[in-house]
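The next block is upload_14.cif, given as mmCIF, C-alpha atoms.
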```cif
data_protein
#
loop_
_atom_site.label_atom_id
_atom_site.label_comp_id
_atom_site.auth_asym_id
_atom_site.auth_seq_id
_atom_site.Cartn_x
_atom_site.Cartn_y
_atom_site.Cartn_z
CA MET A 1 -82.28 -9.03 9.44
CA LYS A 2 -85.01 -6.58 10.25
CA ARG A 3 -85.64 -5.22 13.70
CA ALA A 4 -89.40 -5.16 13.34
CA GLY A 5 -91.70 -5.28 16.31
CA MET A 6 -89.49 -3.02 18.41
CA ALA A 7 -90.71 -0.75 21.16
CA VAL A 8 -88.92 2.11 22.88
CA PHE A 9 -88.96 2.28 26.65
CA PHE A 10 -88.33 5.48 28.57
CA LEU A 11 -87.42 5.88 32.21
CA PHE A 12 -86.32 8.86 34.25
CA LEU A 13 -83.45 8.20 36.64
CA GLY A 14 -81.43 10.81 38.45
CA GLY A 15 -83.12 13.53 36.40
CA ALA A 16 -81.99 12.10 33.07
CA LEU A 17 -83.88 10.24 30.39
CA ILE A 18 -82.79 6.67 29.98
CA PHE A 19 -84.05 4.75 27.01
CA ALA A 20 -83.69 1.46 25.23
CA SER A 21 -85.24 -0.41 22.38
CA GLY A 22 -86.44 -3.94 22.78
CA ASN A 23 -88.95 -6.53 21.66
CA LYS A 24 -92.35 -5.03 22.38
CA ASP A 25 -93.83 -8.30 23.60
CA GLN A 26 -90.80 -9.15 25.71
CA GLN A 27 -92.19 -9.79 29.19
CA SER A 28 -90.25 -12.85 30.31
CA VAL A 29 -86.93 -14.23 29.26
CA ARG A 30 -86.65 -17.99 29.06
CA THR A 31 -89.56 -20.04 27.74
CA THR A 32 -89.42 -22.17 30.86
CA GLY A 33 -89.14 -19.07 33.00
CA ALA A 34 -92.28 -17.51 31.54
CA ALA A 35 -94.50 -19.70 33.69
CA GLN A 36 -92.10 -19.77 36.64
CA SER A 37 -92.36 -17.44 39.59
CA TRP A 38 -88.94 -16.43 40.89
CA VAL A 39 -90.37 -14.71 43.95
CA VAL A 40 -89.00 -16.13 47.22
CA ASN A 41 -91.20 -16.01 50.27
CA GLY A 42 -88.50 -15.96 52.89
CA PRO A 43 -84.74 -15.47 53.18
CA PHE A 44 -82.50 -16.01 50.15
CA HIS A 45 -78.88 -15.75 49.08
CA ILE A 46 -77.35 -14.44 45.84
CA GLY A 47 -74.05 -15.78 44.50
CA ILE A 48 -71.75 -13.77 42.28
CA LEU A 49 -68.52 -14.87 40.61
CA THR A 50 -66.04 -12.36 39.21
CA GLU A 51 -62.46 -12.21 38.05
CA THR A 52 -59.69 -11.09 40.39
CA VAL A 53 -58.38 -7.55 40.79
CA SER A 54 -55.55 -8.24 38.33
CA GLN A 55 -57.88 -9.28 35.49
CA ALA A 56 -60.98 -7.11 36.03
CA GLU A 57 -60.97 -4.94 39.13
CA ASP A 58 -64.22 -3.16 38.33
CA ASP A 59 -66.19 -6.41 38.20
CA LEU A 60 -64.89 -7.37 41.62
CA ARG A 61 -65.59 -3.92 43.09
CA GLY A 62 -69.19 -4.19 41.91
CA ALA A 63 -69.55 -7.43 43.86
CA GLU A 64 -68.02 -5.71 46.87
CA GLU A 65 -70.59 -2.93 46.56
CA LEU A 66 -73.35 -5.55 46.79
CA ILE A 67 -71.69 -6.90 49.93
CA ARG A 68 -71.44 -3.38 51.36
CA ARG A 69 -75.15 -2.83 50.82
CA TYR A 70 -76.55 -6.24 51.59
CA GLY A 71 -73.91 -8.06 53.61
CA ARG A 72 -71.85 -11.19 53.11
CA VAL A 73 -73.50 -14.58 53.66
CA SER A 74 -70.87 -15.54 56.25
CA ASP A 75 -71.79 -12.42 58.23
CA GLY A 76 -75.53 -12.95 58.04
CA GLY A 77 -76.07 -11.06 54.76
CA ILE A 78 -77.28 -12.31 51.38
CA ILE A 79 -74.26 -12.04 49.03
CA GLN A 80 -71.79 -14.88 48.41
CA HIS A 81 -68.82 -13.69 46.32
CA ILE A 82 -66.28 -15.99 44.65
CA THR A 83 -63.35 -15.09 42.39
CA TYR A 84 -62.35 -17.56 39.70
CA PRO A 85 -58.76 -18.30 38.54
CA ASP A 86 -56.87 -15.82 36.38
CA ASN A 87 -55.89 -18.66 34.04
CA PHE A 88 -59.52 -19.70 33.70
CA MET A 89 -59.03 -21.11 30.19
CA ASP A 90 -56.81 -23.84 31.68
CA GLN A 91 -58.99 -24.30 34.76
CA GLN A 92 -62.51 -24.46 33.38
CA GLU A 93 -63.44 -27.41 35.56
CA VAL A 94 -62.31 -25.50 38.63
CA PHE A 95 -64.50 -22.59 37.58
CA ILE A 96 -67.48 -24.83 36.81
CA SER A 97 -67.09 -26.51 40.21
CA GLN A 98 -67.06 -23.10 41.87
CA VAL A 99 -70.37 -22.20 40.23
CA VAL A 100 -72.00 -25.54 40.98
CA SER A 101 -70.81 -25.46 44.61
CA LEU A 102 -73.21 -22.60 45.24
CA THR A 103 -76.13 -24.99 44.79
CA ASP A 104 -75.16 -26.69 48.07
CA ASP A 105 -76.64 -23.68 49.85
CA PRO A 106 -80.41 -24.28 50.09
CA LEU A 107 -81.00 -20.52 50.34
CA MET A 108 -79.12 -19.81 47.10
CA LYS A 109 -81.71 -18.45 44.68
CA ALA A 110 -79.66 -16.49 42.10
CA ILE A 111 -76.19 -16.76 40.56
CA ILE A 112 -74.48 -14.01 38.53
CA VAL A 113 -71.21 -14.56 36.66
CA ASN A 114 -69.35 -11.43 35.49
CA ASN A 115 -67.52 -11.87 33.17
CA ALA A 116 -69.33 -14.99 31.99
CA ILE A 117 -66.18 -16.71 30.74
CA PRO A 118 -66.09 -19.89 28.61
CA GLY A 119 -67.56 -22.68 30.70
CA THR A 120 -70.41 -20.59 32.10
CA ALA A 121 -73.01 -22.25 29.89
CA GLU A 122 -71.89 -25.70 31.04
CA ALA A 123 -71.80 -24.55 34.66
CA PHE A 124 -75.33 -23.21 34.34
CA ARG A 125 -76.47 -26.46 32.73
CA ARG A 126 -75.20 -28.41 35.74
CA VAL A 127 -76.78 -25.93 38.13
CA ARG A 128 -80.07 -26.27 36.26
CA GLU A 129 -79.96 -30.05 36.66
CA ARG A 130 -79.52 -29.77 40.43
CA ARG A 131 -81.45 -26.62 41.22
CA PRO A 132 -83.97 -25.39 38.62
CA ASP A 133 -85.17 -22.83 41.18
CA ILE A 134 -81.98 -20.74 40.87
CA LEU A 135 -82.06 -17.62 38.65
CA LEU A 136 -78.99 -17.58 36.37
CA ILE A 137 -77.48 -14.38 34.93
CA ALA A 138 -74.45 -14.37 32.60
CA ALA A 139 -73.04 -10.82 32.51
CA GLU A 140 -70.70 -9.92 29.64
CA SER A 141 -70.76 -13.40 28.17
CA HIS A 142 -67.66 -14.69 26.38
CA GLU A 143 -69.45 -17.63 24.82
CA ASP A 144 -71.28 -17.76 21.51
CA PRO A 145 -74.71 -16.17 21.93
CA LEU A 146 -76.61 -19.29 20.87
CA VAL A 147 -74.67 -21.31 23.47
CA ILE A 148 -75.19 -19.09 26.52
CA GLN A 149 -78.80 -18.42 25.58
CA GLN A 150 -79.58 -22.11 26.10
CA THR A 151 -78.87 -22.07 29.82
CA ALA A 152 -78.95 -18.48 31.13
CA ASP A 153 -82.16 -16.83 32.25
CA LEU A 154 -80.52 -13.57 31.23
CA ALA A 155 -77.29 -13.02 29.30
CA THR A 156 -75.88 -9.55 28.78
CA ASN A 157 -73.10 -7.96 26.77
CA ALA A 158 -71.85 -4.51 26.02
CA ASP A 159 -73.58 -3.95 22.69
CA PHE A 160 -70.92 -5.39 20.41
CA ILE A 161 -73.04 -4.71 17.34
CA SER A 162 -73.98 -1.07 17.92
CA ARG A 163 -70.56 -0.27 19.42
CA GLY A 164 -68.92 -1.77 16.34
CA TYR A 165 -70.20 1.38 14.65
CA THR A 166 -70.36 3.94 17.50
CA ILE A 167 -66.71 3.55 18.59
CA PRO A 168 -65.29 4.30 15.10
CA TRP A 169 -67.90 7.07 14.84
CA ALA A 170 -66.55 8.57 18.08
CA ALA A 171 -62.97 8.13 16.80
CA LYS A 172 -63.92 10.16 13.75
CA GLU A 173 -65.43 12.82 16.04
CA LEU A 174 -62.06 13.06 17.83
CA GLY A 175 -60.29 13.66 14.54
CA ALA A 176 -58.75 10.23 14.07
CA ASP A 177 -57.69 8.93 10.67
CA THR A 178 -56.66 5.41 11.77
CA PHE A 179 -58.25 2.78 14.01
CA VAL A 180 -55.84 0.24 15.54
CA HIS A 181 -57.52 -2.90 16.88
CA ILE A 182 -55.44 -4.94 19.37
CA SER A 183 -56.49 -8.50 20.17
CA PHE A 184 -55.50 -12.18 19.98
CA PRO A 185 -56.95 -15.39 18.47
CA ARG A 186 -58.90 -16.57 21.54
CA HIS A 187 -60.90 -13.35 21.70
CA MET A 188 -61.42 -13.28 17.95
CA SER A 189 -62.95 -16.77 18.15
CA TYR A 190 -65.78 -15.39 20.32
CA GLU A 191 -68.74 -14.38 18.20
CA SER A 192 -69.36 -11.21 20.23
CA LEU A 193 -65.78 -9.94 19.86
CA GLY A 194 -65.08 -11.36 16.41
CA LEU A 195 -68.29 -9.96 14.93
CA ARG A 196 -67.62 -6.57 16.48
CA ARG A 197 -64.19 -6.58 14.87
CA GLN A 198 -65.82 -7.23 11.48
CA ILE A 199 -68.24 -4.35 12.07
CA PHE A 200 -65.34 -2.12 13.15
CA GLU A 201 -63.64 -2.76 9.85
CA GLU A 202 -66.76 -2.09 7.79
CA ALA A 203 -67.60 1.05 9.79
CA CYS A 204 -64.06 2.37 9.40
CA LYS A 205 -64.34 1.90 5.65
CA ASP A 206 -67.64 3.80 5.59
CA LEU A 207 -66.36 6.58 7.85
CA GLY A 208 -63.07 7.07 6.00
CA LEU A 209 -60.77 5.59 8.66
CA ARG A 210 -57.91 3.22 8.04
CA PHE A 211 -58.48 -0.03 9.97
CA VAL A 212 -55.38 -1.81 11.30
CA PRO A 213 -55.65 -5.15 13.18
CA VAL A 214 -52.66 -6.09 15.34
CA THR A 215 -52.06 -9.13 17.53
CA ALA A 216 -50.81 -9.07 21.12
CA PRO A 217 -50.17 -11.91 23.61
CA ASP A 218 -53.14 -13.45 25.39
CA PRO A 219 -52.82 -12.77 29.16
CA THR A 220 -54.18 -16.28 29.89
CA SER A 221 -51.36 -17.86 27.87
CA ASP A 222 -47.94 -18.93 29.17
CA VAL A 223 -46.65 -15.35 29.16
CA GLY A 224 -49.24 -14.42 31.78
CA ILE A 225 -50.59 -10.99 32.54
CA SER A 226 -47.19 -9.43 33.18
CA GLY A 227 -45.76 -10.68 29.90
CA ALA A 228 -48.76 -9.49 27.93
CA GLN A 229 -48.58 -6.06 29.55
CA GLN A 230 -44.85 -5.78 28.92
CA TYR A 231 -45.47 -6.45 25.23
CA ILE A 232 -47.97 -3.58 25.07
CA LEU A 233 -45.53 -1.26 26.84
CA GLU A 234 -42.78 -2.08 24.35
CA GLN A 235 -44.90 -2.17 21.21
CA THR A 236 -47.15 0.89 21.60
CA PRO A 237 -44.46 3.52 20.89
CA GLN A 238 -43.64 1.65 17.67
CA TRP A 239 -47.30 1.49 16.68
CA ILE A 240 -47.63 5.24 17.21
CA GLN A 241 -44.53 5.83 15.11
CA ILE A 242 -45.96 3.67 12.32
CA TYR A 243 -49.60 4.75 12.36
CA GLY A 244 -49.31 8.31 13.68
CA GLU A 245 -50.72 10.34 16.55
CA LYS A 246 -54.11 10.63 14.86
CA SER A 247 -54.63 6.94 15.49
CA VAL A 248 -57.27 5.68 17.91
CA PHE A 249 -56.28 2.49 19.71
CA PHE A 250 -58.70 -0.14 20.97
CA CYS A 251 -57.85 -3.38 22.81
CA THR A 252 -60.19 -6.26 23.60
CA ASN A 253 -58.55 -7.26 26.89
CA ASP A 254 -58.73 -5.44 30.21
CA ALA A 255 -55.17 -6.34 31.21
CA HIS A 256 -53.82 -4.62 28.07
CA THR A 257 -55.64 -1.36 28.81
CA GLU A 258 -53.42 0.18 31.50
CA PRO A 259 -50.08 -0.19 29.67
CA LEU A 260 -51.72 0.98 26.44
CA LEU A 261 -53.07 4.13 28.08
CA ARG A 262 -49.76 4.83 29.80
CA GLN A 263 -47.90 4.79 26.50
CA LEU A 264 -50.56 6.71 24.56
CA LEU A 265 -50.43 9.50 27.13
CA ARG A 266 -46.66 9.59 26.84
CA TYR A 267 -46.11 9.13 23.10
CA GLY A 268 -49.35 10.33 21.50
CA GLY A 269 -52.36 8.63 19.98
CA MET A 270 -55.99 8.53 21.11
CA PHE A 271 -58.37 6.26 22.99
CA VAL A 272 -62.18 6.36 22.72
CA GLU A 273 -63.13 3.85 25.39
CA ALA A 274 -62.16 0.46 26.76
CA ASP A 275 -63.66 -2.83 25.73
CA LEU A 276 -65.62 -2.68 29.01
CA PRO A 277 -65.47 1.05 29.68
CA SER A 278 -64.89 2.72 33.03
CA PRO A 279 -62.91 5.67 34.42
CA LEU A 280 -61.27 3.01 36.58
CA MET A 281 -60.32 0.81 33.62
CA GLY A 282 -56.61 1.42 33.11
CA TYR A 283 -56.60 5.12 33.88
CA PRO A 284 -55.63 5.13 37.61
CA GLY A 285 -52.59 2.91 37.02
CA ALA A 286 -51.57 4.69 33.84
CA LEU A 287 -51.83 8.08 35.55
CA GLY A 288 -50.48 7.02 38.96
CA LEU A 289 -53.66 8.10 40.74
CA ASP A 290 -54.71 7.20 44.25
CA LEU A 291 -58.50 7.06 44.19
CA SER A 292 -59.04 5.51 47.61
CA ALA A 293 -60.71 8.69 48.89
CA GLU A 294 -63.10 8.67 45.92
CA ALA A 295 -63.92 4.95 46.08
CA GLY A 296 -67.45 4.30 44.87
CA ASN A 297 -68.04 7.94 43.91
CA PHE A 298 -67.87 7.78 40.12
CA PRO A 299 -68.46 11.50 39.44
CA ALA A 300 -65.50 12.28 41.74
CA ILE A 301 -63.43 9.50 40.16
CA LEU A 302 -64.16 10.79 36.66
CA LYS A 303 -63.26 14.36 37.66
CA LYS A 304 -59.91 13.29 39.12
CA VAL A 305 -59.08 11.14 36.10
CA GLU A 306 -60.13 13.88 33.69
CA ASP A 307 -57.98 16.50 35.44
CA ALA A 308 -54.96 14.20 35.28
CA VAL A 309 -55.51 13.38 31.59
CA ILE A 310 -55.81 17.07 30.73
CA ALA A 311 -52.67 17.83 32.74
CA GLN A 312 -50.78 15.36 30.56
CA GLY A 313 -52.02 16.95 27.35
CA GLY A 314 -54.75 14.41 26.63
CA ALA A 315 -57.76 16.76 26.43
CA ALA A 316 -60.25 15.72 23.72
CA LYS A 317 -58.16 12.63 22.95
CA PHE A 318 -59.20 10.15 25.67
CA GLY A 319 -62.62 8.84 26.56
CA THR A 320 -64.53 6.42 28.77
CA TRP A 321 -67.99 5.80 30.15
CA ALA A 322 -68.86 7.99 33.11
CA PHE A 323 -69.67 4.90 35.15
CA SER A 324 -67.88 1.57 35.10
CA PHE A 325 -69.53 -1.03 32.91
CA GLY A 326 -67.94 -3.92 34.83
CA PHE A 327 -68.90 -2.43 38.20
CA THR A 328 -72.45 -1.81 37.00
CA GLN A 329 -72.81 -5.31 35.57
CA SER A 330 -71.90 -6.88 38.92
CA ALA A 331 -73.81 -4.50 41.15
CA GLY A 332 -76.70 -3.77 38.78
CA TRP A 333 -77.56 -7.34 37.88
CA GLY A 334 -77.16 -8.34 41.52
CA GLU A 335 -79.66 -5.62 42.35
CA TYR A 336 -81.96 -6.80 39.57
CA ALA A 337 -81.83 -10.41 40.83
CA LYS A 338 -82.62 -9.25 44.36
CA ARG A 339 -85.64 -7.26 43.16
CA ILE A 340 -86.90 -10.22 41.12
CA LEU A 341 -86.63 -12.54 44.11
CA GLU A 342 -88.44 -9.97 46.26
CA GLY A 343 -91.22 -9.60 43.70
CA LYS A 344 -90.27 -5.97 42.98
CA ALA A 345 -89.12 -6.59 39.39
CA GLN A 346 -90.00 -8.96 36.57
CA LEU A 347 -87.55 -11.07 34.65
CA GLY A 348 -87.27 -9.60 31.15
CA ASN A 349 -89.00 -6.31 31.92
CA MET A 350 -86.68 -3.68 30.46
CA ALA A 351 -87.89 -0.82 32.63
CA ASP A 352 -86.99 -2.94 35.68
CA MET A 353 -83.56 -3.65 34.17
CA TRP A 354 -82.77 0.03 33.57
CA ALA A 355 -83.98 0.87 37.06
CA ALA A 356 -81.63 -1.69 38.61
CA LEU A 357 -78.65 -0.50 36.55
CA GLY A 358 -79.63 3.11 37.23
CA GLU A 359 -79.32 2.46 40.95
CA TYR A 360 -75.55 2.55 40.32
CA THR A 361 -75.42 5.01 37.38
CA PRO A 362 -77.62 7.99 38.35
CA GLY A 363 -78.16 10.36 35.44
CA ALA A 364 -76.54 8.09 32.86
CA GLN A 365 -78.10 7.37 29.49
CA TRP A 366 -78.33 3.75 28.35
CA ASN A 367 -79.45 2.25 25.08
CA GLY A 368 -79.74 -1.35 24.00
CA ASN A 369 -81.35 -4.12 22.01
CA TYR A 370 -82.13 -7.76 22.37
CA TYR A 371 -79.67 -9.83 20.37
CA VAL A 372 -80.78 -10.99 16.91
CA ASP A 373 -78.89 -13.80 15.22
CA ALA A 374 -77.73 -12.58 11.80
CA ASN A 375 -77.88 -16.06 10.34
CA THR A 376 -81.48 -16.82 11.28
CA GLY A 377 -83.05 -13.42 12.00
CA VAL A 378 -84.34 -14.81 15.31
CA ARG A 379 -84.47 -12.41 18.23
CA ALA A 380 -83.21 -13.83 21.52
CA ARG A 381 -85.63 -13.52 24.39
CA ASN A 382 -82.95 -13.62 27.06
CA HIS A 383 -79.86 -11.84 25.65
CA LEU A 384 -79.59 -8.08 26.15
CA LEU A 385 -76.98 -5.84 24.49
CA ILE A 386 -76.43 -2.46 26.17
CA TYR A 387 -74.25 0.65 25.92
CA MET A 388 -73.81 4.14 27.36
CA ASP A 389 -72.77 7.53 26.00
CA THR A 390 -69.01 8.10 25.61
CA TYR A 391 -67.47 10.77 27.84
CA VAL A 392 -64.41 12.53 26.37
CA MET A 393 -61.97 14.09 28.84
CA GLY A 394 -61.91 17.85 28.45
CA LYS A 395 -64.85 17.78 26.04
CA GLY A 396 -67.82 16.12 27.74
CA PHE A 397 -70.35 13.59 26.51
CA LEU A 398 -70.66 12.57 22.90
CA PRO A 399 -74.28 11.74 21.91
CA THR A 400 -73.39 8.12 21.31
CA THR A 401 -76.72 6.59 22.34
CA ALA A 402 -78.56 9.06 20.10
CA GLN A 403 -76.80 7.87 16.95
CA LYS A 404 -78.81 5.79 14.50
CA VAL A 405 -76.72 2.74 13.73
CA PRO A 406 -77.16 1.87 10.02
CA GLU A 407 -79.14 -1.34 9.50
CA LYS A 408 -76.37 -2.85 7.37
CA TYR A 409 -74.19 -3.48 10.42
CA TYR A 410 -76.87 -5.68 11.98
CA ASN A 411 -76.78 -7.88 8.90
CA ILE A 412 -73.05 -8.70 9.03
CA ARG A 413 -72.49 -12.37 9.77
CA PHE A 414 -69.71 -13.70 11.96
CA GLN A 415 -67.00 -15.19 9.74
CA GLY A 416 -64.93 -16.84 12.48
CA SER A 417 -61.46 -15.86 13.69
CA ASN A 418 -59.81 -12.93 11.94
#
```
Can you turn what I pasted into structure tokens?
Amino acid sequence: MKRAGMAVFFLFLGGALIFASGNKDQQSVRTTGAAQSWVVNGPFHIGILTETVSQAEDDLRGAEELIRRYGRVSDGGIIQHITYPDNFMDQQEVFISQVVSLTDDPLMKAIIVNNAIPGTAEAFRRVRERRPDILLIAAESHEDPLVIQQTADLATNADFISRGYTIPWAAKELGADTFVHISFPRHMSYESLGLRRQIFEEACKDLGLRFVPVTAPDPTSDVGISGAQQYILEQTPQWIQIYGEKSVFFCTNDAHTEPLLRQLLRYGGMFVEADLPSPLMGYPGALGLDLSAEAGNFPAILKKVEDAVIAQGGAAKFGTWAFSFGFTQSAGWGEYAKRILEGKAQLGNMADMWAALGEYTPGAQWNGNYYVDANTGVRARNHLLIYMDTYVMGKGFLPTTAQKVPEKYYNIRFQGSN
């Protein structure tokens, strides 16, 4: 798969250069949307669905930031926020009904789902049947790319291809000799997560790291979130004893992150960044921090987290993104949808995308690509993969977005569950 026909876009936000690579003739996203004007001449509402605080707090806080800025529909504002069930795998029809229920509002003109869990593509298909005038954004999609691309006007993911290389690269920079990958079969059945795991393994081989896959309970299974977290608490000290303190640990589930960090800070080991990175992802609970005074101020949040990590002996061993990915996906894509509906942004225009995300990440550097299917070589016109530089506590930023990811990793094909 060759990434020919690429262009590089540059944008200054908050005094920093933000850049991304994308298809040079990418001006609109869906074929049907290319001739469609999304501009609304009059009032409109935007719906956003997120997980609950227990599953993905950052996603929910991003929706709350939209409400803070633009008001809740019930109070005369434009944002309608819904949380879907924690056990969403067993309640897909409930989730789909929640999404479709937004079409009952005649002013509803955009729907964002973050995370776009399994069932989002079907929910969007039903929305499309009833209301083709609604802009549909699937943030951090859990479904196979070719599935979600059929119904979303825009699908996004943390760049699971580039990060399959950059995270082991960062682990090597921290002095790691082993990379421990913690997941479970449901996640490994997703192309985005399963393919990234394959790239992790290949990158570790190339970088001289030992790759170790381990399985932990799925928080959506019968054990629930508490049972899954208890397993991580009990197992992590044993993993450290087996694999050593020069091991970097990575887990694919948000609910696993806090107990993993707590035990790594206590027993040793390292952590580059979360699956969906944020200084709020796992760190406050693991460190016992009260960040209520810093709410919404990510530079202040990062400083407080960093000081606490250093105080516990974690300097140069623990990393994150300076701004929350989950928060930014909710707030940033909500902002982007609003600007599209107002005629201030174009669907598919990357400079407009970075500007909307940059509204919530001033000074941050982003990089990204449109998804290319390894089996066909076809570039998606509506699926964006993005990532940010890694920030290491006590060390500062690593130049993650400046790394050239070897072409070979873009050619690895998804082999199914591992």
Straight-line distance linking CA of His45 (chain A) with CA of Gln80 (chain A), stated in Å to one decimal: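 Pair CA of His45 (chain A) / CA of Gln80 (chain A) returns 7.2 Å.
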For Tyr165 (chain A): contacts at 9 Å, only C-alpha atoms, fewer than 2 positions along chain excluded, given as a ChimeraX atom specification: /A:160-163,167-170,196,199-200,202-204,405-406,409
Would you give the centre and edge lengths, in Å to one decimal, of a box along x, y and z around the listed atoms of region 319-330 of chain A, with 8 Å added to each side, as lines of an AutoDock Vina configuration file?
```
center_x = -67.7
center_y = 1.0
center_z = 32.7
size_x = 26.2
size_y = 31.7
size_z = 28.4
```
Atomic separation - CA of Asp352 (chain A) relative to CA of Ile111 (chain A), Å: 18.2 Å
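Evaluated on this file, the PyMOL selection byres ((chain A and resi 305-318) around 7) matches A:Leu174, A:Leu265, A:Met270, A:Phe271, A:Val272, A:Pro279, A:Tyr283, A:Leu287, A:Ile301, A:Leu302, A:Lys303, A:Lys304, A:Gly319, A:Val392, A:Met393, A:Gly394, A:Lys395.
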Straight-line distance linking CA of Leu66 (chain A) with CA of Pro362 (chain A), stated in Å to one decimal: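 For CA of Leu66 (chain A) relative to CA of Pro362 (chain A), the distance reads 16.5 Å.
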Residue neighbourhood Leu280 (chain A), 10 Å, all atoms listed in the file, exclusion window fewer than 3 positions, as a list in words: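 Listed by chain and then number, they are Glu57, Asp58, Glu258, Pro277, Tyr283, Pro284, Gly285, Leu291, Phe298, Ile301, Leu302, Val305, Thr320, Trp321, Ala322, Phe323, Ser324, Phe325, Gly326 and Phe327 of chain A.
Between Val100 (chain A) and the candidates A:Tyr84, A:Tyr243, A:Tyr336, A:Phe124, the tightest atom-to-atom separation, counting all atoms listed in the file, involves A:Phe124.
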Top pick for closest residue to Asn114 (chain A), considering A:Gln415, A:Gln403, A:Gln55, A:Gln235 and counting only C-alpha atoms: A:Gln55
Using all atoms listed in the file: which of A:Val39, A:Ala364, A:Leu276, A:Leu60 has the shortest distance to Ala110 (chain A):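 Once distances to Ala110 (chain A) are computed over all atoms listed in the file, the minimum belongs to A:Val39.
Each of A:Ser141, A:Ser74, A:Gln238, A:Thr151 was checked against Glu191 (chain A) using only C-alpha atoms; the smallest atom-to-atom distance is that of A:Ser141.
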Nearest-residue call for Trp333 (chain A), choices A:Glu140, A:Asp104, A:Glu93, A:Glu245, using all atoms listed in the file: A:Glu140
Ala155 (chain A) environment, 10 Å, only C-alpha atoms, sequence neighbours closer than 2 positions dropped, as a ChimeraX atom specification: /A:29,112-113,116,136-141,145,148-153,157,370-371,380-385
Top pick for closest residue to Ala63 (chain A), considering A:Leu233, A:Ile48, A:Ser278, A:Thr390 and counting all atoms listed in the file: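 For Ala63 (chain A), the nearest of the given residues is A:Ile48.
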Using 10 Å as the limit and counting all atoms listed in the file, can you tabulate each residue of region 120-215 of chain A that touches region 253-256 of chain A, with its shortest atom-to-atom distance in Å and the two atoms involved, as a tab-separated table?
```
residue	atom	partner	partner_atom	distance
A:Ile182	CA	A:Asn253	CA	8.5
A:Ser183	CA	A:Asn253	CA	7.1
A:Phe184	CA	A:Asn253	CA	9.0
A:His187	CA	A:Asn253	CA	8.3
```
Assuming the input is short of atoms at region 217-229 of chain A, produce N, CA and C atoms for that part as a PDB file, in the frame of the given file.
```
ATOM      1  N   PRO A 217     -50.072 -10.657  22.845  1.00  0.00           N
ATOM      2  CA  PRO A 217     -50.170 -11.910  23.610  1.00  0.00           C
ATOM      3  C   PRO A 217     -51.441 -11.981  24.446  1.00  0.00           C
ATOM      4  N   ASP A 218     -51.981 -13.175  24.560  1.00  0.00           N
ATOM      5  CA  ASP A 218     -53.140 -13.450  25.390  1.00  0.00           C
ATOM      6  C   ASP A 218     -52.681 -13.532  26.853  1.00  0.00           C
ATOM      7  N   PRO A 219     -53.254 -12.729  27.755  1.00  0.00           N
ATOM      8  CA  PRO A 219     -52.820 -12.770  29.160  1.00  0.00           C
ATOM      9  C   PRO A 219     -53.070 -14.112  29.848  1.00  0.00           C
ATOM     10  N   THR A 220     -53.954 -14.958  29.285  1.00  0.00           N
ATOM     11  CA  THR A 220     -54.180 -16.280  29.890  1.00  0.00           C
ATOM     12  C   THR A 220     -53.226 -17.332  29.339  1.00  0.00           C
ATOM     13  N   SER A 221     -52.324 -16.925  28.437  1.00  0.00           N
ATOM     14  CA  SER A 221     -51.360 -17.860  27.870  1.00  0.00           C
ATOM     15  C   SER A 221     -50.148 -17.996  28.802  1.00  0.00           C
ATOM     16  N   ASP A 222     -49.123 -18.679  28.336  1.00  0.00           N
ATOM     17  CA  ASP A 222     -47.940 -18.930  29.170  1.00  0.00           C
ATOM     18  C   ASP A 222     -47.218 -17.660  29.579  1.00  0.00           C
ATOM     19  N   VAL A 223     -47.348 -16.586  28.803  1.00  0.00           N
ATOM     20  CA  VAL A 223     -46.650 -15.350  29.160  1.00  0.00           C
ATOM     21  C   VAL A 223     -47.290 -14.674  30.360  1.00  0.00           C
ATOM     22  N   GLY A 224     -48.545 -15.000  30.635  1.00  0.00           N
ATOM     23  CA  GLY A 224     -49.240 -14.420  31.780  1.00  0.00           C
ATOM     24  C   GLY A 224     -49.589 -12.956  31.581  1.00  0.00           C
ATOM     25  N   ILE A 225     -50.179 -12.379  32.601  1.00  0.00           N
ATOM     26  CA  ILE A 225     -50.590 -10.990  32.540  1.00  0.00           C
ATOM     27  C   ILE A 225     -49.393 -10.063  32.408  1.00  0.00           C
ATOM     28  N   SER A 226     -48.351 -10.318  33.197  1.00  0.00           N
ATOM     29  CA  SER A 226     -47.190  -9.430  33.180  1.00  0.00           C
ATOM     30  C   SER A 226     -46.503  -9.430  31.824  1.00  0.00           C
ATOM     31  N   GLY A 227     -46.396 -10.612  31.209  1.00  0.00           N
ATOM     32  CA  GLY A 227     -45.760 -10.680  29.900  1.00  0.00           C
ATOM     33  C   GLY A 227     -46.576  -9.990  28.829  1.00  0.00           C
ATOM     34  N   ALA A 228     -47.882 -10.145  28.902  1.00  0.00           N
ATOM     35  CA  ALA A 228     -48.760  -9.490  27.930  1.00  0.00           C
ATOM     36  C   ALA A 228     -48.695  -7.970  28.076  1.00  0.00           C
ATOM     37  N   GLN A 229     -48.656  -7.506  29.312  1.00  0.00           N
ATOM     38  CA  GLN A 229     -48.580  -6.060  29.550  1.00  0.00           C
ATOM     39  C   GLN A 229     -47.231  -5.498  29.117  1.00  0.00           C
TER      40      GLN A 229
END
```
